[in-house]
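Data from run.cif: mmCIF, C-alpha atoms
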data_data
loop_
_atom_site.label_atom_id
_atom_site.label_comp_id
_atom_site.auth_asym_id
_atom_site.auth_seq_id
_atom_site.Cartn_x
_atom_site.Cartn_y
_atom_site.Cartn_z
CA MET H 1 -51.34 48.11 56.30
CA LYS H 2 -52.75 47.86 52.83
CA ASP H 3 -51.35 45.27 50.40
CA ASN H 4 -50.15 47.88 47.89
CA GLU H 5 -48.21 49.82 50.51
CA LYS H 6 -46.67 46.60 51.77
CA PHE H 7 -45.64 45.73 48.20
CA HIS H 8 -44.17 49.19 47.66
CA ASP H 9 -42.01 48.70 50.74
CA LEU H 10 -41.10 45.22 49.60
CA GLU H 11 -40.20 46.43 46.12
CA ARG H 12 -38.10 49.19 47.66
CA ASN H 13 -36.34 46.59 49.82
CA ILE H 14 -35.76 44.33 46.82
CA ARG H 15 -34.28 47.22 44.84
CA SER H 16 -32.06 48.12 47.75
CA LEU H 17 -30.46 44.67 47.72
CA PRO H 18 -26.77 45.42 47.10
CA GLU H 19 -25.09 45.11 43.73
CA PRO H 20 -21.90 43.06 43.66
CA ASP H 21 -18.72 44.96 44.44
CA TYR H 22 -17.32 44.73 40.95
CA ASP H 23 -13.93 46.14 41.96
CA LYS H 24 -13.43 43.26 44.38
CA GLN H 25 -15.45 40.36 42.98
CA PHE H 26 -15.55 40.96 39.25
CA THR H 27 -12.42 43.00 38.65
CA LYS H 28 -11.27 44.57 35.40
CA GLU H 29 -8.62 41.85 35.09
CA THR H 30 -11.24 39.12 35.45
CA GLN H 31 -13.45 40.86 32.91
CA ASN H 32 -10.56 41.20 30.44
CA ARG H 33 -9.50 37.59 30.94
CA ILE H 34 -13.04 36.39 30.21
CA HIS H 35 -13.21 38.73 27.21
CA GLU H 36 -9.97 37.28 25.87
CA ASN H 37 -11.23 33.72 26.37
CA VAL H 38 -14.48 34.57 24.62
CA LEU H 39 -12.67 36.11 21.64
CA GLN H 40 -10.33 33.15 21.43
CA PHE H 41 -13.30 30.81 21.40
CA ALA H 42 -15.04 32.99 18.78
CA SER H 43 -12.01 32.79 16.52
CA SER H 44 -11.63 29.00 16.81
CA TYR H 45 -15.39 28.56 16.44
CA GLU H 46 -15.39 30.65 13.23
CA LYS H 47 -12.57 28.52 11.83
CA LYS H 48 -14.36 25.33 12.79
CA LYS H 49 -17.58 26.61 11.22
CA LYS H 50 -15.74 27.45 7.99
CA ARG H 51 -14.16 23.99 7.97
CA VAL H 52 -17.54 22.36 8.49
CA THR H 53 -19.07 24.48 5.70
CA MET H 54 -16.20 23.54 3.40
CA MET H 55 -16.56 19.86 4.30
CA LYS H 56 -20.28 20.09 3.66
CA LYS H 57 -19.64 21.60 0.22
CA ILE H 58 -17.05 18.94 -0.60
CA SER H 59 -19.36 16.18 0.61
CA LEU H 60 -22.18 17.62 -1.45
CA GLY H 61 -19.91 17.72 -4.51
CA LEU H 62 -18.81 14.13 -3.94
CA VAL H 63 -22.38 12.99 -3.45
CA SER H 64 -23.40 14.76 -6.68
CA VAL H 65 -20.56 13.11 -8.60
CA ALA H 66 -21.41 9.72 -7.07
CA ALA H 67 -25.07 10.21 -8.00
CA LEU H 68 -24.06 11.16 -11.54
CA VAL H 69 -21.81 8.11 -11.87
CA LEU H 70 -24.53 5.88 -10.46
CA PHE H 71 -27.04 7.39 -12.85
CA ALA H 72 -24.66 6.82 -15.77
CA ILE H 73 -24.01 3.22 -14.70
CA LEU H 74 -27.72 2.54 -14.41
CA THR H 75 -28.76 4.21 -17.66
CA LEU H 76 -25.93 3.21 -20.05
CA PRO H 77 -26.65 -0.55 -20.07
CA ILE H 78 -30.31 0.24 -20.79
CA ASN H 79 -29.30 2.29 -23.85
CA LYS H 80 -26.97 -0.46 -24.99
CA GLU H 81 -29.76 -3.01 -24.77
CA ARG H 82 -32.08 -0.95 -26.93
CA PRO H 83 -31.09 -2.36 -30.35
CA SER H 84 -32.06 -5.87 -29.23
CA SER H 85 -35.43 -4.61 -28.06
CA SER H 86 -38.35 -6.56 -29.49
CA ASP H 87 -40.52 -3.47 -29.82
CA PRO H 88 -41.46 -3.24 -33.52
CA ASN H 89 -41.59 0.55 -33.30
CA GLU H 90 -37.88 0.57 -32.75
CA GLN H 91 -37.13 -1.40 -35.92
CA THR H 92 -36.40 1.80 -37.87
CA THR H 93 -33.77 2.82 -35.34
CA THR H 94 -32.10 -0.58 -35.67
CA ASP H 95 -31.98 -0.27 -39.44
CA GLU H 96 -30.50 3.18 -39.16
CA ASN H 97 -27.84 1.76 -36.92
CA VAL H 98 -27.00 -0.84 -39.52
CA VAL H 99 -26.77 1.87 -42.18
CA ASP H 100 -24.60 3.95 -39.87
CA HIS H 101 -22.42 0.95 -39.26
CA GLU H 102 -21.99 0.40 -42.96
CA LYS H 103 -21.19 4.04 -43.43
CA ASP H 104 -18.55 3.69 -40.76
CA VAL H 105 -17.00 0.74 -42.57
CA ILE H 106 -16.83 2.80 -45.73
CA ASP H 107 -15.36 5.70 -43.77
CA GLN H 108 -12.80 3.39 -42.31
CA ASN H 109 -11.99 2.10 -45.74
CA LYS H 110 -11.70 5.59 -47.16
CA GLY H 111 -7.98 5.50 -46.81
CA THR H 112 -7.75 2.26 -48.80
CA GLU H 113 -10.21 3.12 -51.58
CA ILE H 114 -10.42 5.51 -54.49
CA LEU H 115 -13.44 6.68 -56.41
CA TYR H 116 -13.88 6.89 -60.19
CA GLU H 117 -16.58 9.36 -61.07
CA ASN H 118 -18.18 9.56 -64.50
CA THR H 119 -20.18 12.74 -64.88
CA GLU H 120 -21.12 12.10 -68.52
CA TYR H 121 -23.31 9.10 -67.69
CA GLY H 122 -23.74 9.77 -64.01
CA PHE H 123 -22.19 7.13 -61.82
CA THR H 124 -19.32 6.53 -59.42
CA PHE H 125 -17.26 3.39 -59.08
CA THR H 126 -15.31 2.43 -55.95
CA LEU H 127 -11.91 0.82 -56.56
CA PRO H 128 -9.14 -0.43 -54.28
CA LYS H 129 -6.27 2.04 -53.76
CA SER H 130 -3.96 -0.28 -55.71
CA TRP H 131 -5.97 0.76 -58.80
CA GLY H 132 -4.79 4.36 -58.27
CA ASP H 133 -3.50 5.06 -61.80
CA TYR H 134 -6.29 3.22 -63.58
CA GLN H 135 -7.17 3.95 -67.20
CA ILE H 136 -10.55 4.25 -68.83
CA VAL H 137 -10.76 2.51 -72.14
CA THR H 138 -13.70 3.37 -74.33
CA ASP H 139 -15.21 0.89 -76.72
CA SER H 140 -18.69 0.17 -77.97
CA TRP H 141 -21.16 -2.68 -77.91
CA GLU H 142 -23.46 -3.76 -80.68
CA GLY H 143 -26.90 -5.19 -80.28
CA ILE H 144 -27.78 -7.76 -82.91
CA SER H 145 -31.38 -8.54 -83.77
CA GLU H 146 -32.80 -11.98 -84.46
CA GLN H 147 -32.28 -11.34 -88.13
CA ASN H 148 -28.57 -10.83 -87.41
CA ASN H 149 -28.79 -7.14 -88.15
CA THR H 150 -27.07 -4.59 -86.01
CA MET H 151 -29.97 -3.01 -84.21
CA GLU H 152 -28.54 -1.02 -81.28
CA HIS H 153 -25.19 0.18 -80.13
CA GLY H 154 -23.75 2.01 -77.13
CA PRO H 155 -20.56 2.66 -75.19
CA ILE H 156 -18.49 0.30 -73.03
CA LEU H 157 -16.27 1.89 -70.46
CA SER H 158 -13.54 -0.42 -69.21
CA ILE H 159 -11.64 0.40 -66.08
CA ARG H 160 -8.14 -0.88 -66.62
CA HIS H 161 -5.66 -1.87 -63.91
CA PRO H 162 -2.49 0.34 -63.82
CA GLN H 163 -0.26 -2.70 -64.18
CA TRP H 164 -1.98 -3.76 -67.42
CA SER H 165 0.37 -4.13 -70.36
CA GLU H 166 0.23 -5.54 -73.87
CA GLU H 167 2.52 -8.37 -72.85
CA LYS H 168 0.79 -9.10 -69.63
CA PRO H 169 -2.83 -7.99 -69.78
CA ARG H 170 -4.89 -7.95 -66.62
CA GLN H 171 -8.62 -8.27 -66.03
CA ASP H 172 -10.53 -5.05 -66.94
CA ILE H 173 -13.83 -4.01 -65.37
CA PRO H 174 -16.11 -3.42 -68.34
CA ILE H 175 -19.31 -1.42 -67.93
CA LEU H 176 -21.94 -1.54 -70.65
CA ILE H 177 -24.03 1.60 -70.90
CA PHE H 178 -27.59 1.45 -72.18
CA THR H 179 -30.33 4.00 -72.52
CA LEU H 180 -33.48 3.05 -70.66
CA THR H 181 -35.18 2.13 -73.96
CA GLN H 182 -32.26 -0.04 -75.08
CA TRP H 183 -32.28 -1.89 -71.77
CA SER H 184 -36.02 -2.44 -72.05
CA SER H 185 -35.61 -3.85 -75.57
CA LEU H 186 -32.75 -6.06 -74.39
CA GLU H 187 -34.86 -7.45 -71.59
CA LYS H 188 -37.68 -8.15 -74.05
CA GLY H 189 -35.19 -10.10 -76.15
CA GLU H 190 -35.52 -7.81 -79.13
CA PHE H 191 -31.75 -7.92 -79.49
CA HIS H 192 -28.77 -9.58 -77.88
CA ILE H 193 -25.13 -8.73 -77.32
CA GLY H 194 -22.55 -11.23 -78.41
CA ALA H 195 -23.14 -14.92 -78.63
CA ALA H 196 -23.59 -15.54 -74.95
CA PRO H 197 -26.85 -17.24 -74.05
CA VAL H 198 -27.22 -15.05 -70.96
CA GLY H 199 -27.67 -11.30 -70.92
CA PRO H 200 -25.56 -8.67 -69.13
CA THR H 201 -25.77 -8.33 -65.33
CA LEU H 202 -27.31 -5.14 -64.02
CA LEU H 203 -24.93 -3.00 -61.94
CA GLY H 204 -27.19 -0.01 -61.45
CA GLN H 205 -29.25 2.63 -63.20
CA ASN H 206 -30.15 6.27 -63.03
CA ASN H 207 -32.93 8.22 -64.71
CA GLU H 208 -31.23 8.07 -68.15
CA TYR H 209 -28.86 5.13 -68.30
CA VAL H 210 -28.54 1.53 -67.23
CA PHE H 211 -25.11 0.16 -66.31
CA ALA H 212 -24.40 -3.53 -66.76
CA LEU H 213 -21.62 -6.06 -66.71
CA PRO H 214 -21.16 -8.10 -69.89
CA ALA H 215 -21.83 -11.82 -69.62
CA ARG H 216 -18.70 -13.92 -69.44
CA TYR H 217 -16.56 -10.76 -69.17
CA ASN H 218 -13.87 -12.83 -67.41
CA PHE H 219 -13.95 -15.88 -69.63
CA ALA H 220 -10.21 -15.55 -70.37
CA PHE H 221 -9.29 -15.73 -66.65
CA LEU H 222 -6.69 -13.00 -66.99
CA GLU H 223 -4.54 -12.07 -64.08
CA GLY H 224 -6.48 -10.24 -61.38
CA TYR H 225 -9.87 -11.69 -62.36
CA GLU H 226 -10.45 -12.83 -58.76
CA GLU H 227 -9.75 -9.33 -57.47
CA VAL H 228 -12.27 -7.91 -59.95
CA GLU H 229 -14.84 -10.46 -58.79
CA THR H 230 -14.26 -9.30 -55.22
CA ILE H 231 -14.61 -5.66 -56.26
CA LEU H 232 -17.87 -6.38 -58.09
CA ALA H 233 -19.24 -8.36 -55.18
CA ASN H 234 -19.17 -5.20 -53.05
CA GLN H 235 -21.58 -3.22 -55.28
CA PRO H 236 -18.96 -0.71 -56.37
CA LEU H 237 -21.18 1.18 -58.85
CA GLN H 238 -23.39 3.92 -57.44
CA PRO H 239 -25.57 5.71 -60.01
CA ASN H 240 -26.06 9.48 -59.70
CA GLU H 241 -29.28 11.01 -60.95
CA LYS H 242 -28.77 13.01 -64.16
CA ARG H 243 -30.34 16.49 -64.33
CA MET U 1 -18.37 39.47 12.26
CA SER U 2 -20.05 37.66 15.19
CA SER U 3 -16.93 38.07 17.36
CA ASN U 4 -17.01 41.87 16.89
CA LYS U 5 -20.65 42.05 17.95
CA ILE U 6 -20.16 39.69 20.89
CA SER U 7 -17.13 41.70 22.00
CA GLU U 8 -19.19 44.90 21.89
CA TRP U 9 -22.06 43.30 23.81
CA TYR U 10 -19.63 41.84 26.34
CA TYR U 11 -18.44 45.28 27.41
CA LEU U 12 -22.01 46.60 27.47
CA TYR U 13 -23.64 43.80 29.47
CA ASN U 14 -21.04 41.69 31.29
CA LYS U 15 -21.74 43.37 34.67
CA ASP U 16 -25.51 43.02 34.26
CA ILE U 17 -25.10 39.33 33.46
CA TYR U 18 -22.77 38.88 36.44
CA HIS U 19 -25.24 40.67 38.75
CA PHE U 20 -28.14 38.54 37.49
CA LEU U 21 -26.21 35.28 37.92
CA VAL U 22 -25.04 36.14 41.43
CA TYR U 23 -28.68 36.40 42.55
CA TYR U 24 -29.92 33.57 40.35
CA ILE U 25 -27.32 31.05 41.53
CA GLY U 26 -26.82 32.50 45.00
CA SER U 27 -23.04 32.63 44.75
CA SER U 28 -20.39 35.22 43.90
CA ASP U 29 -18.36 32.61 42.07
CA VAL U 30 -20.04 32.97 38.69
CA GLU U 31 -17.23 34.25 36.41
CA ASP U 32 -17.16 30.94 34.55
CA LEU U 33 -20.89 31.19 34.00
CA VAL U 34 -20.53 34.70 32.55
CA GLN U 35 -17.99 33.26 30.11
CA GLU U 36 -20.36 30.38 29.33
CA VAL U 37 -23.15 32.87 28.53
CA PHE U 38 -21.02 34.62 25.90
CA ILE U 39 -19.73 31.33 24.48
CA ARG U 40 -23.31 30.16 24.03
CA ALA U 41 -24.09 33.52 22.43
CA ILE U 42 -21.31 32.91 19.87
CA LYS U 43 -22.64 29.42 19.14
CA GLY U 44 -26.18 30.68 18.74
CA PHE U 45 -25.36 33.95 16.99
CA ASP U 46 -26.92 32.77 13.72
CA THR U 47 -30.23 32.19 15.49
CA PHE U 48 -30.29 35.67 17.03
CA GLN U 49 -33.08 37.69 15.46
CA GLN U 50 -31.99 41.26 14.87
CA LYS U 51 -35.46 42.55 15.79
CA SER U 52 -35.01 41.51 19.43
CA SER U 53 -32.65 43.34 21.79
CA PRO U 54 -29.23 41.78 22.46
CA LYS U 55 -29.68 42.60 26.16
CA THR U 56 -32.82 40.47 26.58
CA TRP U 57 -31.31 37.77 24.35
CA LEU U 58 -28.21 37.59 26.58
CA PHE U 59 -30.34 37.55 29.74
CA SER U 60 -32.37 34.73 28.27
CA ILE U 61 -29.16 32.75 27.67
CA ALA U 62 -27.93 33.64 31.18
CA ARG U 63 -31.16 32.30 32.67
CA HIS U 64 -30.66 28.97 30.87
CA VAL U 65 -27.02 28.83 31.95
CA GLY U 66 -28.21 29.52 35.52
CA MET U 67 -30.83 26.77 35.35
CA ASP U 68 -28.25 24.27 34.06
CA GLU U 69 -25.86 25.27 36.84
CA MET U 70 -28.58 24.90 39.49
CA ARG U 71 -29.39 21.41 38.21
CA LYS U 72 -25.72 20.53 38.26
CA ARG U 73 -25.31 21.76 41.81
CA LYS U 74 -28.45 19.92 42.85
CA ARG U 75 -27.01 16.69 41.41
CA VAL U 76 -23.74 17.29 43.27
CA ARG U 77 -25.63 17.90 46.51
CA MET U 78 -27.57 14.68 46.03
CA MET U 79 -24.36 12.76 45.40
CA GLN U 80 -22.84 14.31 48.50
CA LYS U 81 -25.88 13.32 50.56
CA LEU U 82 -25.61 9.83 49.14
CA TRP U 83 -21.97 9.60 50.19
CA PHE U 84 -22.62 11.34 53.56
CA TRP U 85 -20.59 14.48 52.75
CA GLU U 86 -23.01 16.57 54.75
CA GLU U 87 -20.48 19.25 55.63
CA GLN U 88 -20.46 20.62 52.08
CA THR U 89 -24.20 20.68 51.49
CA GLU U 90 -24.90 24.03 53.08
CA LYS U 91 -26.54 26.49 50.75
CA GLU U 92 -24.23 29.25 49.63
CA THR U 93 -25.10 32.89 50.15
CA PRO U 94 -23.28 35.66 48.26
CA GLU U 95 -20.76 37.49 50.43
CA ILE U 96 -22.36 40.79 49.55
CA ILE U 97 -25.58 39.70 51.26
CA LEU U 98 -23.73 38.32 54.31
CA GLN U 99 -22.03 41.64 54.76
CA GLU U 100 -25.34 43.50 54.63
CA SER U 101 -28.09 43.84 57.20
CA GLU U 102 -30.07 40.99 58.66
CA ASN U 103 -33.10 42.35 56.83
CA ASN U 104 -31.41 41.94 53.43
CA ARG U 105 -30.26 38.45 54.29
CA LEU U 106 -33.79 37.49 55.28
CA LEU U 107 -35.16 38.95 52.06
CA TYR U 108 -32.55 37.16 49.99
CA GLU U 109 -33.35 33.81 51.62
CA ALA U 110 -37.05 34.41 51.11
CA ILE U 111 -36.46 35.07 47.39
CA GLN U 112 -34.37 31.89 47.07
CA SER U 113 -37.13 29.81 48.65
CA LEU U 114 -39.76 30.98 46.12
CA LYS U 115 -40.83 28.71 43.29
CA ALA U 116 -38.87 29.10 40.06
CA ASN U 117 -41.11 31.41 38.01
CA TYR U 118 -41.71 33.74 41.02
CA ARG U 119 -37.96 33.90 41.62
CA ASP U 120 -37.29 34.61 37.91
CA VAL U 121 -39.72 37.50 37.78
CA ILE U 122 -38.57 38.97 41.16
CA ILE U 123 -34.91 38.94 40.07
CA LEU U 124 -35.62 40.41 36.63
CA ARG U 125 -38.31 42.96 37.51
CA GLY U 126 -37.30 43.70 41.11
CA ILE U 127 -33.54 43.34 41.41
CA LYS U 128 -32.48 44.02 37.79
CA GLU U 129 -35.30 46.55 37.35
CA LEU U 130 -36.05 45.45 33.79
CA SER U 131 -39.24 46.68 32.13
CA VAL U 132 -42.31 44.48 31.75
CA SER U 133 -41.65 44.05 28.01
CA GLU U 134 -37.98 43.16 28.58
CA THR U 135 -38.96 40.61 31.24
CA ALA U 136 -41.63 39.20 28.93
CA SER U 137 -39.06 38.84 26.16
CA ILE U 138 -36.55 37.02 28.43
CA LEU U 139 -39.10 34.63 29.94
CA HIS U 140 -41.02 34.21 26.66
CA TRP U 141 -44.24 35.24 28.39
CA ASN U 142 -46.77 37.85 27.40
CA GLU U 143 -46.65 41.16 29.28
CA ASN U 144 -49.90 40.46 31.15
CA LYS U 145 -48.52 37.23 32.51
CA VAL U 146 -45.42 39.12 33.69
CA ARG U 147 -47.57 41.67 35.57
CA ILE U 148 -49.80 39.04 37.19
CA THR U 149 -46.94 36.70 38.11
CA TYR U 150 -44.88 39.57 39.51
CA HIS U 151 -47.79 40.65 41.69
CA ARG U 152 -48.32 37.09 42.93
CA ALA U 153 -44.58 36.68 43.48
CA LEU U 154 -44.49 39.82 45.64
CA LYS U 155 -47.41 38.50 47.65
CA ALA U 156 -45.72 35.13 48.13
CA LEU U 157 -42.42 36.81 49.01
CA GLN U 158 -44.09 38.98 51.63
CA GLN U 159 -45.70 35.94 53.18
CA THR U 160 -42.47 33.93 53.17
CA LYS U 161 -40.53 36.81 54.68
CA GLU U 162 -43.09 37.11 57.50
CA ASP U 163 -42.94 33.36 58.09
CA PHE U 164 -39.15 33.52 58.34
CA LEU U 165 -39.41 36.40 60.82
CA TYR U 166 -41.96 34.49 62.91
CA GLU U 167 -39.74 31.37 62.93
CA ARG U 168 -36.85 33.41 64.34
#

Output the file's structure in the form of structure tokens.
Amino acid sequence: MKDNEKFHDLERNIRSLPEPDYDKQFTKETQNRIHENVLQFASSYEKKKKRVTMMKKISLGLVSVAALVLFAILTLPINKERPSSSDPNEQTTTDENVVDHEKDVIDQNKGTEILYENTEYGFTFTLPKSWGDYQIVTDSWEGISEQNNTMEHGPILSIRHPQWSEEKPRQDIPILIFTLTQWSSLEKGEFHIGAAPVGPTLLGQNNEYVFALPARYNFAFLEGYEEVETILANQPLQPNEKR
Amino acid sequence: MSSNKISEWYYLYNKDIYHFLVYYIGSSDVEDLVQEVFIRAIKGFDTFQQKSSPKTWLFSIARHVGMDEMRKRKRVRMMQKLWFWEEQTEKETPEIILQESENNRLLYEAIQSLKANYRDVIILRGIKELSVSETASILHWNENKVRITYHRALKALQQTKEDFLYER
């Protein structure tokens, strides 16, 4: 017999091998029971999968937060150390910080300070809040030449403490106002103010005027002279440029 | 979503899977294995590629379940031999075959004695009458290999069957 014919017979025999008797061995009840078990497993598996996914998301979130915190912990000290860096290129930044710090101090003091602004001559003057109802007293100075002739004159603005009275005068803050030319002449010694051997102390200047404190302004040691000294020590006068 | 699909496939293919496992394992007691096939299908549903057929995918899972079961039974038999429980080591034969003719029984025993890949291809191509491409998809072979191996398996089966006849 040829191989192919043999194989055809064999294949026919293989195909004729009986199928299971499903009604007896794999009944409808068995099939339904397995189906139920499979569905039950599918449902619990879905829930488990969702839980795992949720846990993964939570873990990822926690890891991200932890990484962020770690990053912040690692980077913040570095930023803090920057001002003490010896790199000369960073000097500017340090200076700015100092300026900012000073600004902050002023901001903090804003509640305890008041500002006198003079628009005629162009300057501002910072005073303690206790000087709230101050007065401005106007007077004038005279510049005397070597020949004892009156050569120059100009205004004096005195900031007067609110508690000043005739009976009990307090220390004023006098501000001499010079034009730029007058100040130049004064510095050259072309004239002098009063009999004091020393000239006025410069407080500030803008493009038109020079502001100065008279020599020996506090020679009488009136009440409050120490407070005025403290005020003057803090550079209270800020010139504004005149247009 | 996956449970709906699996439920649908269960009613379509549960008998085919049962039939395959009965011949693969050589026992009628394979209900638990049918359940195991569909449980593995649920677990691996995300890996199922929609381009392949669910039938061949389920048969592929069933084959792996069958292989695992065979290994398990082999281990049990070895343990039994080790502990001299010889009475339980006899190879099982499905009742359906026992009830049939002597010729079918001989053929069945000849199939069971073939080497694994011959047995796989005889059960899938011969008994389950799957196409060459379906068999190739289940066994992860190319179609040519399926044809050649099937031919060789038939040859080997014929020889084994004749040997069995001669021995009797």

Using all atoms listed in the file, collect all residues at a distance of at most 10 Å from (-38.6, 41.2, 25.0) as written in the file, then present them as an mmCIF file with C-alpha atoms, in the coordinates of the input.
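Here's the written file result19.cif:
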data_model
loop_
_atom_site.group_PDB
_atom_site.id
_atom_site.type_symbol
_atom_site.label_atom_id
_atom_site.label_comp_id
_atom_site.auth_asym_id
_atom_site.auth_seq_id
_atom_site.Cartn_x
_atom_site.Cartn_y
_atom_site.Cartn_z
ATOM 1 C CA LYS U 51 -35.460 42.550 15.790
ATOM 2 C CA SER U 52 -35.010 41.510 19.430
ATOM 3 C CA SER U 53 -32.650 43.340 21.790
ATOM 4 C CA PRO U 54 -29.230 41.780 22.460
ATOM 5 C CA LYS U 55 -29.680 42.600 26.160
ATOM 6 C CA THR U 56 -32.820 40.470 26.580
ATOM 7 C CA TRP U 57 -31.310 37.770 24.350
ATOM 8 C CA SER U 60 -32.370 34.730 28.270
ATOM 9 C CA SER U 131 -39.240 46.680 32.130
ATOM 10 C CA VAL U 132 -42.310 44.480 31.750
ATOM 11 C CA SER U 133 -41.650 44.050 28.010
ATOM 12 C CA GLU U 134 -37.980 43.160 28.580
ATOM 13 C CA THR U 135 -38.960 40.610 31.240
ATOM 14 C CA ALA U 136 -41.630 39.200 28.930
ATOM 15 C CA SER U 137 -39.060 38.840 26.160
ATOM 16 C CA ILE U 138 -36.550 37.020 28.430
ATOM 17 C CA LEU U 139 -39.100 34.630 29.940
ATOM 18 C CA HIS U 140 -41.020 34.210 26.660
ATOM 19 C CA TRP U 141 -44.240 35.240 28.390
ATOM 20 C CA ASN U 142 -46.770 37.850 27.400
ATOM 21 C CA GLU U 143 -46.650 41.160 29.280
#

Pull the closest atom pair for each residue of chain U that gets at most 7 Å from chain H, along with the distance in Å to one decimal, counting all atoms listed in the file, ordering rows by chain and then ascending residue number, as a Markdown table.
| residue | atom | partner | partner_atom | distance |
| --- | --- | --- | --- | --- |
| U:Ser3 | CA | H:Ala42 | CA | 5.6 |
| U:His19 | CA | H:Pro20 | CA | 6.4 |
| U:Gln35 | CA | H:Ile34 | CA | 5.9 |
| U:Phe38 | CA | H:Val38 | CA | 6.7 |
| U:Ile39 | CA | H:Val38 | CA | 6.2 |
| U:Ile42 | CA | H:Ala42 | CA | 6.4 |
| U:Ile96 | CA | H:Pro20 | CA | 6.3 |
| U:Asn104 | CA | H:Leu17 | CA | 6.4 |
| U:Gly126 | CA | H:Ile14 | CA | 5.9 |
| U:Ile127 | CA | H:Arg15 | CA | 5.2 |
| U:Leu154 | CA | H:Phe7 | CA | 6.5 |

Coordinates-based distance that separates CA of Val146 in chain U from CA of Arg73 in chain U (Å, one decimal) = 27.8 Å

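Rounded to one decimal, CA of Leu203 in chain H and CA of Ile173 in chain H lie 11.7 Å from each other.
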
Can you tell me how far CA of Pro239 in chain H sits from CA of Pro214 in chain H, in Å to one decimal?
-> 17.5 Å

Selection: 10 Å around Asn148 in chain H, all atoms listed in the file, excl. self and same-chain fewer than 4 positions, as JSON, numbers by chain = {"H": [143, 144, 191, 192]}

Could you give me the axis-aligned bounding box of range 8-17 of chain H, with 3 Å of padding per side, as centre plus edge lengths in Å to one decimal, as JSON?
{"center_x": -37.3, "center_y": 46.8, "center_z": 47.8, "size_x": 19.7, "size_y": 10.9, "size_z": 11.9}

Within 8 Å of range 105-113 of chain U, counting all atoms listed in the file, which residues show up once you throw out same-chain ones fewer than 6 positions away? Write them as a count of residues only, please.
-> 11

Just say which residues the PyMOL selection byres ((chain H and resi 177) around 10) picks in this file, as JSON, numbers by chain.
-> {"H": [121, 140, 141, 153, 154, 155, 156, 157, 174, 175, 176, 178, 179, 180, 182, 183, 205, 209, 210, 211, 212, 213]}

Residues from the last selection, C-alpha atoms, saved as a short mmCIF file (atom, residue, chain, number, x, y, z; two decimals), keeping the file's coordinate frame:
data_model
loop_
_atom_site.label_atom_id
_atom_site.label_comp_id
_atom_site.auth_asym_id
_atom_site.auth_seq_id
_atom_site.Cartn_x
_atom_site.Cartn_y
_atom_site.Cartn_z
CA TYR H 121 -23.31 9.10 -67.69
CA SER H 140 -18.69 0.17 -77.97
CA TRP H 141 -21.16 -2.68 -77.91
CA HIS H 153 -25.19 0.18 -80.13
CA GLY H 154 -23.75 2.01 -77.13
CA PRO H 155 -20.56 2.66 -75.19
CA ILE H 156 -18.49 0.30 -73.03
CA LEU H 157 -16.27 1.89 -70.46
CA PRO H 174 -16.11 -3.42 -68.34
CA ILE H 175 -19.31 -1.42 -67.93
CA LEU H 176 -21.94 -1.54 -70.65
CA PHE H 178 -27.59 1.45 -72.18
CA THR H 179 -30.33 4.00 -72.52
CA LEU H 180 -33.48 3.05 -70.66
CA GLN H 182 -32.26 -0.04 -75.08
CA TRP H 183 -32.28 -1.89 -71.77
CA GLN H 205 -29.25 2.63 -63.20
CA TYR H 209 -28.86 5.13 -68.30
CA VAL H 210 -28.54 1.53 -67.23
CA PHE H 211 -25.11 0.16 -66.31
CA ALA H 212 -24.40 -3.53 -66.76
CA LEU H 213 -21.62 -6.06 -66.71
#

Do you know which residues are at most 8 Å from Lys128 in chain U counting all atoms listed in the file, after dropping those on the same chain fewer than 5 positions away, and could you put them as a VMD selection string?
-> (chain H and resid 15) or (chain U and resid 16 20 123)

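The smallest atom-to-atom distance between Leu33 in chain U and any of U:Leu12, U:Ala156, U:Val65, U:Val121, using only C-alpha atoms, is found for U:Val65.
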
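Minimum atom-to-atom distance to Ile114 in chain H, evaluated using all atoms listed in the file, belongs to H:Pro236 out of H:Asn206, H:Ser165, H:Leu62, H:Pro236.
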
Quick one: everything within 8 Å of Asn240 in chain H, counting only C-alpha atoms, minus sequence neighbours fewer than 3 positions away in the same chain. Send it as number ranges by chain.
-> H: 122-124, 206

So that I have them on file, write out the residues from the current selection with C-alpha atoms, as a PDB file, in the frame of the given file.
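That gives us again_11.pdb:
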ATOM      1  CA  GLY H 122     -23.740   9.770 -64.010  1.00  0.00           C
ATOM      2  CA  PHE H 123     -22.190   7.130 -61.820  1.00  0.00           C
ATOM      3  CA  THR H 124     -19.320   6.530 -59.420  1.00  0.00           C
ATOM      4  CA  ASN H 206     -30.150   6.270 -63.030  1.00  0.00           C
TER       5      ASN H 206
END

Residues matched by the PyMOL selection byres ((chain H and resi 131) around 9) as an MDAnalysis selection string = chainID H and resid 113:114 127:130 132:134 160:163
